[in-house]
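**Q** Contents of entry-v8.txt (compact mmCIF, C-alpha atoms and all ligand atoms):
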# COMPACT_ATOMS: atom_id res chain seq x y z
CA MET E 198 27.40 -15.91 -7.75
CA GLU E 199 26.28 -12.27 -8.08
CA LEU E 200 22.82 -10.81 -7.51
CA PHE E 201 20.54 -10.37 -10.54
CA ASP E 202 21.05 -6.67 -11.05
CA VAL E 203 17.55 -5.18 -11.24
CA TYR E 204 17.57 -2.52 -8.52
CA SER E 205 19.07 0.98 -8.63
CA LEU E 206 20.84 1.16 -5.28
CA PHE E 207 21.81 4.09 -3.10
CA ASN E 208 25.25 3.62 -1.60
CA VAL E 209 23.90 3.23 1.94
CA THR E 210 23.98 0.07 4.09
CA PRO E 211 21.44 0.27 6.93
CA VAL E 212 22.36 -1.94 9.88
CA LYS E 213 20.09 -0.73 12.67
CA ALA E 214 16.76 1.09 12.98
CA CYS E 215 14.37 2.32 15.67
CA GLY E 216 11.14 4.30 15.23
CA CYS E 217 11.66 6.62 12.24
CA THR E 218 15.47 6.49 12.56
CA VAL E 219 17.86 4.30 10.57
CA TRP E 220 21.65 3.98 11.11
CA ASP E 221 24.09 2.84 8.46
CA ASP E 222 27.27 0.78 8.85
CA LYS E 223 29.30 3.97 9.41
CA GLY E 224 27.07 5.12 12.26
CA THR E 225 25.34 7.87 10.24
CA GLU E 226 21.78 8.53 11.41
CA TYR E 227 18.94 8.98 8.89
CA LEU E 228 15.32 10.09 9.20
CA ASP E 229 13.13 7.55 7.40
CA LEU E 230 10.28 9.20 5.47
CA TYR E 231 10.09 6.30 3.03
CA GLY E 232 9.36 3.39 5.41
CA GLY E 233 10.97 0.88 3.06
CA HIS E 234 8.32 1.78 0.49
CA ALA E 235 5.26 2.16 2.76
CA VAL E 236 6.08 -1.00 4.69
CA ILE E 237 7.21 0.29 8.08
CA SER E 238 3.90 1.26 9.66
CA VAL E 239 4.48 1.11 13.43
CA GLY E 240 8.12 2.19 13.22
CA HIS E 241 11.31 0.16 13.03
CA SER E 242 11.94 -2.36 15.82
CA HIS E 243 8.89 -1.41 17.88
CA PRO E 244 9.51 -3.29 21.18
CA LYS E 245 6.04 -4.86 21.22
CA TYR E 246 6.45 -6.00 17.62
CA THR E 247 9.90 -7.54 18.03
CA ALA E 248 8.87 -9.21 21.31
CA ALA E 249 5.83 -10.79 19.63
CA ILE E 250 7.90 -12.30 16.80
CA LYS E 251 10.66 -13.53 19.15
CA ALA E 252 8.13 -15.12 21.51
CA GLN E 253 6.34 -16.83 18.63
CA LEU E 254 9.58 -18.16 17.20
CA ASP E 255 10.26 -19.90 20.49
CA LYS E 256 6.87 -21.65 20.28
CA ILE E 257 6.16 -22.63 16.67
CA GLY E 258 7.34 -20.83 13.55
CA PHE E 259 5.56 -22.69 10.82
CA TYR E 260 3.00 -25.33 10.03
CA SER E 261 0.70 -25.57 7.02
CA ASN E 262 -2.82 -24.29 6.43
CA SER E 263 -4.15 -27.82 7.00
CA VAL E 264 -4.33 -27.28 10.78
CA ILE E 265 -6.06 -24.74 13.04
CA ASN E 266 -4.00 -21.59 13.53
CA PRO E 267 -5.63 -19.46 16.24
CA LEU E 268 -3.45 -16.48 15.37
CA GLN E 269 -5.26 -16.18 12.01
CA THR E 270 -8.65 -16.13 13.73
CA GLU E 271 -7.36 -13.60 16.26
CA LEU E 272 -6.25 -11.31 13.43
CA ALA E 273 -9.57 -11.68 11.58
CA HIS E 274 -11.58 -10.85 14.71
CA LYS E 275 -9.44 -7.86 15.62
CA LEU E 276 -9.36 -6.54 12.07
CA GLY E 277 -13.14 -6.86 11.75
CA LYS E 278 -13.61 -4.66 14.80
CA VAL E 279 -11.44 -1.77 13.62
CA CYS E 280 -11.56 -1.72 9.80
CA GLY E 281 -15.27 -1.11 9.17
CA TYR E 282 -15.82 -4.49 7.48
CA ASP E 283 -16.76 -6.78 10.38
CA ASP E 284 -19.05 -8.97 8.25
CA TYR E 285 -16.38 -9.66 5.61
CA SER E 286 -13.98 -12.63 5.69
CA LEU E 287 -10.20 -12.61 5.62
CA PHE E 288 -7.95 -14.65 3.33
CA LEU E 289 -4.24 -14.45 4.09
CA ASP E 290 -1.38 -14.56 1.60
CA ASN E 291 2.15 -13.16 1.32
CA SER E 292 2.29 -9.94 -0.68
CA GLY E 293 0.37 -7.17 -2.37
CA ALA E 294 0.60 -8.70 -5.83
CA GLU E 295 -0.63 -12.03 -4.53
CA SER E 296 -3.56 -10.29 -2.82
CA ASN E 297 -4.53 -8.66 -6.10
CA GLU E 298 -4.18 -11.97 -7.97
CA ASN E 299 -6.53 -13.59 -5.48
CA ALA E 300 -9.00 -10.70 -5.71
CA LEU E 301 -9.07 -10.87 -9.52
CA LYS E 302 -9.49 -14.62 -9.41
CA LEU E 303 -12.39 -14.37 -6.95
CA ALA E 304 -14.07 -11.67 -9.07
CA SER E 305 -13.80 -13.91 -12.09
CA PHE E 306 -15.05 -17.05 -10.27
CA HIS E 307 -17.94 -15.06 -8.80
CA THR E 308 -19.17 -13.43 -12.02
CA GLY E 309 -18.12 -16.08 -14.56
CA LYS E 310 -16.59 -13.23 -16.59
CA ASP E 311 -12.95 -12.64 -17.49
CA ARG E 312 -12.33 -8.99 -18.38
CA VAL E 313 -11.09 -6.44 -15.83
CA ILE E 314 -11.12 -2.65 -15.79
CA ALA E 315 -8.08 -0.93 -14.31
CA PHE E 316 -6.88 2.67 -14.49
CA HIS E 317 -4.13 4.53 -16.26
CA LYS E 318 -1.09 5.08 -14.00
CA SER E 319 -2.13 2.10 -11.86
CA PHE E 320 0.31 -0.19 -10.10
CA HIS E 321 -0.93 -3.49 -8.70
CA GLY E 322 2.19 -5.66 -8.57
CA ARG E 323 4.40 -7.84 -10.71
CA THR E 324 2.91 -11.33 -10.67
CA SER E 325 1.18 -12.44 -13.84
CA GLY E 326 -2.33 -11.18 -13.11
CA ALA E 327 -1.30 -8.17 -11.02
CA VAL E 328 1.10 -6.84 -13.62
CA ALA E 329 -1.54 -7.25 -16.31
CA VAL E 330 -3.72 -4.68 -14.52
CA THR E 331 -0.71 -2.39 -14.00
CA ASP E 332 -0.38 0.46 -16.49
CA ASN E 333 3.32 0.12 -17.26
CA PRO E 334 4.17 -1.51 -20.61
CA ALA E 335 7.84 -1.72 -19.57
CA ILE E 336 7.13 -4.48 -17.05
CA ILE E 337 4.54 -6.45 -19.06
CA SER E 338 5.82 -9.59 -20.82
CA PRO E 339 4.02 -11.17 -23.83
CA PHE E 340 2.71 -13.78 -21.37
CA ASN E 341 1.10 -11.14 -19.13
CA ALA E 342 -0.32 -9.27 -22.12
CA ASN E 343 -2.75 -12.13 -22.81
CA HIS E 344 -4.95 -11.13 -19.90
CA ARG E 345 -8.12 -9.23 -20.87
CA VAL E 346 -7.76 -5.80 -19.28
CA THR E 347 -9.07 -2.37 -20.29
CA PHE E 348 -7.54 0.79 -18.84
CA CYS E 349 -9.76 3.81 -18.22
CA ASN E 350 -8.85 7.30 -17.01
CA LEU E 351 -9.14 7.96 -13.31
CA ASN E 352 -12.26 10.04 -12.52
CA ASP E 353 -13.87 9.27 -15.91
CA ALA E 354 -17.04 7.40 -14.89
CA GLY E 355 -18.43 7.66 -18.44
CA SER E 356 -15.69 5.50 -19.95
CA VAL E 357 -16.00 2.96 -17.13
CA GLU E 358 -19.73 2.69 -17.75
CA ALA E 359 -19.21 2.28 -21.50
CA GLU E 360 -16.95 -0.71 -20.79
CA LEU E 361 -19.21 -2.21 -18.12
CA LYS E 362 -22.17 -2.03 -20.52
CA LYS E 363 -20.47 -4.57 -22.76
CA GLY E 364 -21.39 -7.17 -20.12
CA ASP E 365 -18.12 -9.13 -19.92
CA VAL E 366 -16.41 -7.32 -17.02
CA ALA E 367 -15.71 -9.35 -13.86
CA GLY E 368 -14.30 -6.51 -11.81
CA VAL E 369 -12.95 -2.99 -11.51
CA ILE E 370 -9.68 -2.64 -9.60
CA ILE E 371 -8.65 0.73 -8.22
CA GLU E 372 -6.01 1.92 -5.75
CA GLY E 373 -7.37 3.82 -2.73
CA ILE E 374 -4.84 6.46 -3.78
CA GLN E 375 -2.54 5.75 -6.72
CA GLY E 376 0.95 5.37 -5.27
CA CYS E 377 3.57 4.51 -7.87
CA GLY E 378 1.56 6.39 -10.52
CA GLY E 379 2.10 9.70 -8.66
CA ILE E 380 -0.15 10.05 -5.59
CA ASN E 381 -3.33 10.57 -7.58
CA VAL E 382 -6.36 10.79 -5.30
CA PRO E 383 -9.58 9.62 -6.98
CA ASP E 384 -12.47 12.06 -6.53
CA ASP E 385 -14.86 10.94 -3.80
CA SER E 386 -17.76 11.37 -6.26
CA PHE E 387 -15.96 9.12 -8.77
CA MET E 388 -15.55 6.39 -6.15
CA GLN E 389 -19.25 6.72 -5.31
CA ASN E 390 -20.08 6.43 -9.03
CA LEU E 391 -17.90 3.33 -9.35
CA ARG E 392 -19.85 1.70 -6.53
CA VAL E 393 -23.17 2.44 -8.24
CA LEU E 394 -21.89 1.28 -11.67
CA CYS E 395 -20.41 -1.97 -10.36
CA ASP E 396 -23.74 -2.79 -8.69
CA ARG E 397 -25.70 -1.85 -11.81
CA TYR E 398 -23.63 -4.02 -14.16
CA GLY E 399 -22.79 -6.90 -11.81
CA ALA E 400 -19.04 -6.25 -11.55
CA VAL E 401 -16.90 -6.68 -8.44
CA LEU E 402 -15.33 -3.52 -7.01
CA ILE E 403 -11.79 -4.24 -5.80
CA ALA E 404 -10.02 -1.59 -3.68
CA ASP E 405 -6.26 -2.07 -3.77
CA GLU E 406 -5.17 -0.76 -0.37
CA VAL E 407 -1.73 -2.35 -0.48
CA GLN E 408 0.03 1.02 -0.30
CA SER E 409 -2.76 3.30 0.95
CA GLY E 410 -4.13 0.89 3.53
CA TYR E 411 -4.00 0.34 7.23
CA GLY E 412 -4.17 3.92 8.33
CA ARG E 413 -1.67 5.57 6.03
CA THR E 414 -4.10 8.19 4.71
CA GLY E 415 -5.70 9.08 8.03
CA ARG E 416 -8.58 6.62 7.52
CA PHE E 417 -8.23 2.88 8.01
CA PHE E 418 -8.55 2.43 4.23
CA ALA E 419 -8.18 5.28 1.74
CA HIS E 420 -11.40 4.45 -0.14
CA GLN E 421 -13.32 5.07 3.09
CA TRP E 422 -12.79 8.81 2.56
CA SER E 423 -15.53 8.54 -0.08
CA GLY E 424 -17.93 6.70 2.23
CA ILE E 425 -18.25 3.64 -0.02
CA LYS E 426 -17.64 -0.05 0.59
CA ALA E 427 -15.68 -2.20 -1.82
CA ASP E 428 -16.48 -5.88 -2.45
CA ILE E 429 -12.87 -6.96 -2.00
CA ILE E 430 -10.09 -5.01 -0.30
CA THR E 431 -6.50 -6.05 -0.93
CA MET E 432 -3.70 -5.49 1.58
CA GLY E 433 0.03 -5.96 1.97
CA LYS E 434 3.08 -3.83 2.75
CA GLY E 435 2.54 -2.28 6.22
CA ILE E 436 0.19 -4.87 7.71
CA ALA E 437 3.05 -6.79 9.33
CA ASN E 438 5.63 -3.95 9.37
CA GLY E 439 8.10 -5.73 7.10
CA PHE E 440 7.39 -9.36 7.86
CA PRO E 441 6.05 -10.54 4.47
CA CYS E 442 2.27 -10.71 4.75
CA GLY E 443 -0.72 -9.94 2.56
CA GLY E 444 -4.43 -10.51 2.71
CA ILE E 445 -7.83 -9.76 1.24
CA LEU E 446 -11.14 -8.83 2.84
CA ILE E 447 -14.02 -10.54 1.07
CA SER E 448 -17.68 -9.51 1.09
CA PRO E 449 -20.26 -12.00 2.43
CA GLU E 450 -21.65 -12.15 -1.15
CA PHE E 451 -18.76 -14.49 -1.97
CA LYS E 452 -19.17 -18.08 -0.90
CA ALA E 453 -16.01 -19.94 0.14
CA SER E 454 -15.50 -23.51 -1.05
CA LYS E 455 -12.66 -25.88 -0.19
CA GLY E 456 -9.67 -25.34 -2.43
CA LEU E 457 -10.99 -22.15 -4.07
CA LEU E 458 -7.90 -20.22 -2.86
CA GLY E 459 -4.76 -21.46 -1.14
CA THR E 460 -1.13 -20.76 -0.27
CA THR E 461 1.79 -22.42 1.50
CA PHE E 462 3.16 -19.51 3.51
CA GLY E 463 0.11 -17.21 3.80
CA GLY E 464 -1.05 -16.71 7.40
CA ASN E 465 1.96 -18.48 8.93
CA TYR E 466 2.61 -18.17 12.67
CA LEU E 467 5.39 -15.62 12.46
CA ALA E 468 3.53 -13.41 9.99
CA MET E 469 0.45 -13.61 12.21
CA ALA E 470 2.41 -12.74 15.36
CA ALA E 471 3.76 -9.73 13.47
CA ALA E 472 0.39 -8.72 12.00
CA ASN E 473 -1.45 -9.04 15.33
CA ALA E 474 1.20 -6.93 17.05
CA VAL E 475 0.98 -4.29 14.29
CA LEU E 476 -2.79 -4.04 14.60
CA ASP E 477 -2.59 -3.79 18.40
CA ILE E 478 0.01 -1.03 18.17
CA ILE E 479 -1.96 0.87 15.51
CA THR E 480 -5.04 0.74 17.73
CA GLU E 481 -3.38 1.43 21.09
CA GLU E 482 -1.19 4.26 19.84
CA LYS E 483 -3.97 5.75 17.66
CA LEU E 484 -1.71 5.72 14.62
CA VAL E 485 -4.48 6.25 12.06
CA GLU E 486 -5.26 9.56 13.74
CA ASN E 487 -1.55 10.39 14.01
CA ALA E 488 -1.00 9.74 10.30
CA GLY E 489 -3.91 12.06 9.51
CA LYS E 490 -2.71 14.82 11.83
CA VAL E 491 1.03 14.81 11.12
CA GLY E 492 0.37 14.22 7.41
CA GLU E 493 -1.91 17.25 7.19
CA TYR E 494 0.72 19.38 8.93
CA LEU E 495 3.45 18.11 6.62
CA LYS E 496 1.44 18.67 3.46
CA GLY E 497 0.51 22.18 4.50
CA ALA E 498 4.06 23.09 5.54
CA VAL E 499 5.76 22.26 2.23
CA PRO E 500 7.26 25.63 1.23
CA GLN E 501 5.98 27.64 -1.72
CA SER E 502 8.58 27.55 -4.47
CA ASP E 503 8.62 28.03 -8.21
CA LYS E 504 10.30 24.61 -8.32
CA ILE E 505 7.22 22.94 -6.79
CA LYS E 506 4.14 22.38 -8.93
CA GLU E 507 1.74 20.68 -6.54
CA VAL E 508 1.52 18.80 -3.24
CA ARG E 509 -0.97 15.90 -3.29
CA GLY E 510 -2.14 13.13 -1.01
CA ARG E 511 -3.88 12.35 2.23
CA GLY E 512 -2.40 11.65 5.66
CA LEU E 513 1.14 10.29 5.39
CA MET E 514 0.83 9.38 1.70
CA ILE E 515 2.19 12.56 0.16
CA GLY E 516 3.54 13.45 -3.26
CA ILE E 517 5.51 16.67 -3.82
CA GLU E 518 5.45 17.23 -7.56
CA PHE E 519 8.27 19.39 -8.90
CA ASN E 520 8.49 21.24 -12.21
CA GLU E 521 11.78 19.43 -12.83
CA PRO E 522 13.36 16.00 -12.20
CA VAL E 523 13.84 15.27 -8.48
CA ALA E 524 16.82 12.91 -8.68
CA GLU E 525 19.23 15.59 -7.47
CA ILE E 526 17.13 16.97 -4.60
CA ARG E 527 16.31 13.45 -3.43
CA SER E 528 19.96 12.53 -3.46
CA ARG E 529 20.87 15.72 -1.54
CA LEU E 530 18.10 15.00 1.00
CA LEU E 531 19.71 11.60 1.56
CA PHE E 532 23.41 12.44 1.52
CA GLU E 533 23.43 16.00 2.90
CA LYS E 534 20.38 16.00 5.17
CA HIS E 535 20.28 12.27 5.88
CA ILE E 536 16.59 11.86 5.07
CA PHE E 537 15.19 8.89 3.15
CA THR E 538 12.38 9.76 0.73
CA GLY E 539 10.73 7.93 -2.15
CA VAL E 540 9.97 8.92 -5.70
CA ALA E 541 7.14 8.53 -8.23
CA GLY E 542 8.07 9.04 -11.86
CA LYS E 543 10.83 11.56 -12.55
CA ASN E 544 9.34 14.70 -10.98
CA MET E 545 7.79 13.61 -7.69
CA VAL E 546 9.25 13.13 -4.22
CA ARG E 547 7.00 10.59 -2.52
CA LEU E 548 6.72 10.47 1.27
CA LEU E 549 5.56 7.21 2.89
CA ALA E 550 6.75 7.69 6.46
CA PRO E 551 6.00 5.32 9.33
CA LEU E 552 2.62 6.16 10.84
CA ILE E 553 4.31 7.05 14.16
CA LEU E 554 6.00 10.10 12.59
CA LYS E 555 6.21 12.99 15.06
CA GLN E 556 5.51 16.59 14.17
CA SER E 557 9.13 17.44 15.14
CA GLU E 558 10.39 14.87 12.60
CA ALA E 559 8.11 16.33 9.94
CA GLU E 560 9.52 19.77 10.81
CA THR E 561 13.07 18.46 10.33
CA PHE E 562 12.12 17.44 6.78
CA ILE E 563 10.42 20.77 6.06
CA ASN E 564 13.43 22.76 7.28
CA SER E 565 15.82 20.59 5.26
CA LEU E 566 13.69 20.96 2.15
CA LYS E 567 13.57 24.75 2.61
CA GLN E 568 17.37 24.88 2.84
CA LEU E 569 17.83 22.79 -0.29
CA LEU E 570 15.29 24.81 -2.29
N1 LIG P 601 -0.55 -2.67 -5.14
C1 LIG P 601 -0.03 -1.47 -4.87
C2 LIG P 601 -0.94 -0.27 -4.84
C3 LIG P 601 1.34 -1.30 -4.66
O1 LIG P 601 1.85 -0.10 -4.43
C4 LIG P 601 2.18 -2.45 -4.69
C5 LIG P 601 3.63 -2.34 -4.49
O2 LIG P 601 4.23 -1.30 -4.55
C6 LIG P 601 1.59 -3.70 -4.96
C7 LIG P 601 0.23 -3.78 -5.15
C8 LIG P 601 2.44 -4.93 -5.02
O3 LIG P 601 2.83 -5.33 -3.75
P1 LIG P 601 4.03 -6.38 -3.57
O4 LIG P 601 5.27 -5.71 -4.03
O5 LIG P 601 4.00 -6.71 -2.11
O6 LIG P 601 3.69 -7.56 -4.40
With the file now loaded, output its structure as structure tokens.
Ligand code: PLP
**A**
Amino acid sequence: MELFDVYSLFNVTPVKACGCTVWDDKGTEYLDLYGGHAVISVGHSHPKYTAAIKAQLDKIGFYSNSVINPLQTELAHKLGKVCGYDDYSLFLDNSGAESNENALKLASFHTGKDRVIAFHKSFHGRTSGAVAVTDNPAIISPFNANHRVTFCNLNDAGSVEAELKKGDVAGVIIEGIQGCGGINVPDDSFMQNLRVLCDRYGAVLIADEVQSGYGRTGRFFAHQWSGIKADIITMGKGIANGFPCGGILISPEFKASKGLLGTTFGGNYLAMAAANAVLDIITEEKLVENAGKVGEYLKGAVPQSDKIKEVRGRGLMIGIEFNEPVAEIRSRLLFEKHIFTGVAGKNMVRLLAPLILKQSEAETFINSLKQLL
């Protein structure tokens, strides 16, 4: 049997990793500024992280959500203390898309309405509901297209209000910073307007922090730059540093009832051991602050060049937009300079480095980029 061939692969086979460094099967060392697509938050193979998973595996790896799992409560309590949403509740699932599905479902249950507002260039995942609020016709099947979704332009509060006025909108879903759509940072004033409009028209404000969350932007959540609170915050990717794990934070306005949400694997012991270790490391090593500091340096140090149009982002969520396709420079960064980077669209190099990135590692990237330019 062969693999279903849906991924464009680089000819690199990583076999070992530590911190921001990855080694391939030939012993070549790479600097990882991609973090497996914003997943590696506390660095590869952090000793505290690997020890926590190994220790848990020796005790109990899995049981169902029909018994008490103290690791879930531990995570909820710890998260409440550091994320700015102590009075919210936590529901655990397995991925970013699943988190968004659950958020949309809750918004719809809560309001009794079924239409959702999302934004052009959004990406919220590939499950049925999540892909329906994703602005990419190429990945929407006829089945997904039956969802009732309206796309508005980012930063256009007028068009959002015109839709909300129609009275059938359950929720507005917005990324803290748009990731796959090209590191588009919503204006703080727009986020503040969204908060006011959702309250005025009885819609649920959902902040998708799957990519921008858990410290990546130099705040715990990216939407906190604008000083607002969302009703539901969705999470995934970096929250367990590569062990599949997702979750949503839910405002006290929402009342839980038995069976309203559910999952087989969500919140399992191994995922919780991983997620608790990640949160401890983020807090102890002050990684939110580090992401802010090193990210600001990196953004500011990108060289001026007539090839580069704009540098966008916050903290370690950075997009370097070129005036031309970046396939070649990205490939040269990987094969000549041994640096992993990401991409958004054709013209943007996207950096999603582990939050432990050191200034010296950022400098290595800047020097390599200068040489290639
Ligand atoms: N939301 C955002 C903002 C994302 O960037 C992604 C993935 O890239 C998702 C949701 C989907 O997450 P997952 O691939 O874990 O389902």
**Q** Please write out the residues within 7 Å of ligand LIG 601 (chain P) as a list of chain:residue names, counting only C-alpha atoms and all ligand atoms.
**A** E:Ser292, E:Gly293, E:Ala294, E:Glu295, E:Asn297, E:Phe320, E:His321, E:Gly322, E:Arg323, E:Glu372, E:Gln375, E:Gly376, E:Cys377, E:Asp405, E:Glu406, E:Val407, E:Gln408, E:Gly433, E:Lys434
**Q** What's the separation between atom CA of E:Gly399 and atom CA of E:Glu358, in Å to one decimal place?
**A** 11.7 Å
**Q** Nearest residue to E:Lys256 out of E:Ala335, E:Leu570, E:Ile505, E:Leu467, using all atoms listed in the file?
**A**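 Closest residue, counting all atoms listed in the file: E:Leu467.
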**Q** Could you list, as a ChimeraX atom specification, every residue within 9 Å of E:Gly459, counting all atoms listed in the file and ignoring same-chain residues fewer than 4 positions away?
**A** /E:262,288-290,463
**Q** For the residues selected in the previous step, produce a file with C-alpha atoms as a PDB file, in the coordinates of the input.
**A**
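File again-v7.pdb, as written:
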ATOM      1  CA  ASN E 262      -2.820 -24.290   6.430  1.00  0.00           C
ATOM      2  CA  PHE E 288      -7.950 -14.650   3.330  1.00  0.00           C
ATOM      3  CA  LEU E 289      -4.240 -14.450   4.090  1.00  0.00           C
ATOM      4  CA  ASP E 290      -1.380 -14.560   1.600  1.00  0.00           C
ATOM      5  CA  GLY E 463       0.110 -17.210   3.800  1.00  0.00           C
TER       6      GLY E 463
END
**Q** With 9 Å as the threshold, what does the neighbourhood of (-5.0, 2.6, -21.2) contain in terms of residues, counting only C-alpha atoms? Coordinates are those of the file; answer as a ChimeraX atom specification.
**A** /E:315-318,332,347-350
**Q** Which residues, written as a ChimeraX atom specification, have at least one atom at most 9 Å from E:Asn341, with only C-alpha atoms counted and residues fewer than 3 positions away on the same chain left out?
**A** /E:324-329,337-338,344
**Q** Restricting the output to C-alpha atoms, write the selected residues as an mmCIF file, in the frame of the given file.
**A**
data_model
loop_
_atom_site.group_PDB
_atom_site.id
_atom_site.type_symbol
_atom_site.label_atom_id
_atom_site.label_comp_id
_atom_site.auth_asym_id
_atom_site.auth_seq_id
_atom_site.Cartn_x
_atom_site.Cartn_y
_atom_site.Cartn_z
ATOM 1 C CA THR E 324 2.910 -11.330 -10.670
ATOM 2 C CA SER E 325 1.180 -12.440 -13.840
ATOM 3 C CA GLY E 326 -2.330 -11.180 -13.110
ATOM 4 C CA ALA E 327 -1.300 -8.170 -11.020
ATOM 5 C CA VAL E 328 1.100 -6.840 -13.620
ATOM 6 C CA ALA E 329 -1.540 -7.250 -16.310
ATOM 7 C CA ILE E 337 4.540 -6.450 -19.060
ATOM 8 C CA SER E 338 5.820 -9.590 -20.820
ATOM 9 C CA HIS E 344 -4.950 -11.130 -19.900
#
**Q** Kindly list the centre and edge lengths in Å, rounded to one decimal, for the axis-aligned box that covers all listed atoms of stretch 347-353 of chain E plus 5 Å on each of its six sides, as JSON.
**A**
{"center_x": -10.7, "center_y": 3.8, "center_z": -16.4, "size_x": 16.3, "size_y": 22.4, "size_z": 17.8}
**Q** When distances are computed from only C-alpha atoms, which of E:Met545, E:Ala252, E:Leu513, E:Val382 shows the smallest separation from E:Thr414?
**A** E:Leu513
**Q** Taking into account all atoms listed in the file, which residue in the set E:Gly492, E:Pro244, E:Gly281, E:Pro383 is nearest to E:Ala354?
**A**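 Selected residue with least distance to E:Ala354: E:Pro383.
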**Q** Got a sec: who's within 9 Å of E:Val346, counting all atoms listed in the file, leaving out chain neighbours fewer than 6 positions off, as a PyMOL selection string?
**A** chain E and resi 311-315+329-330
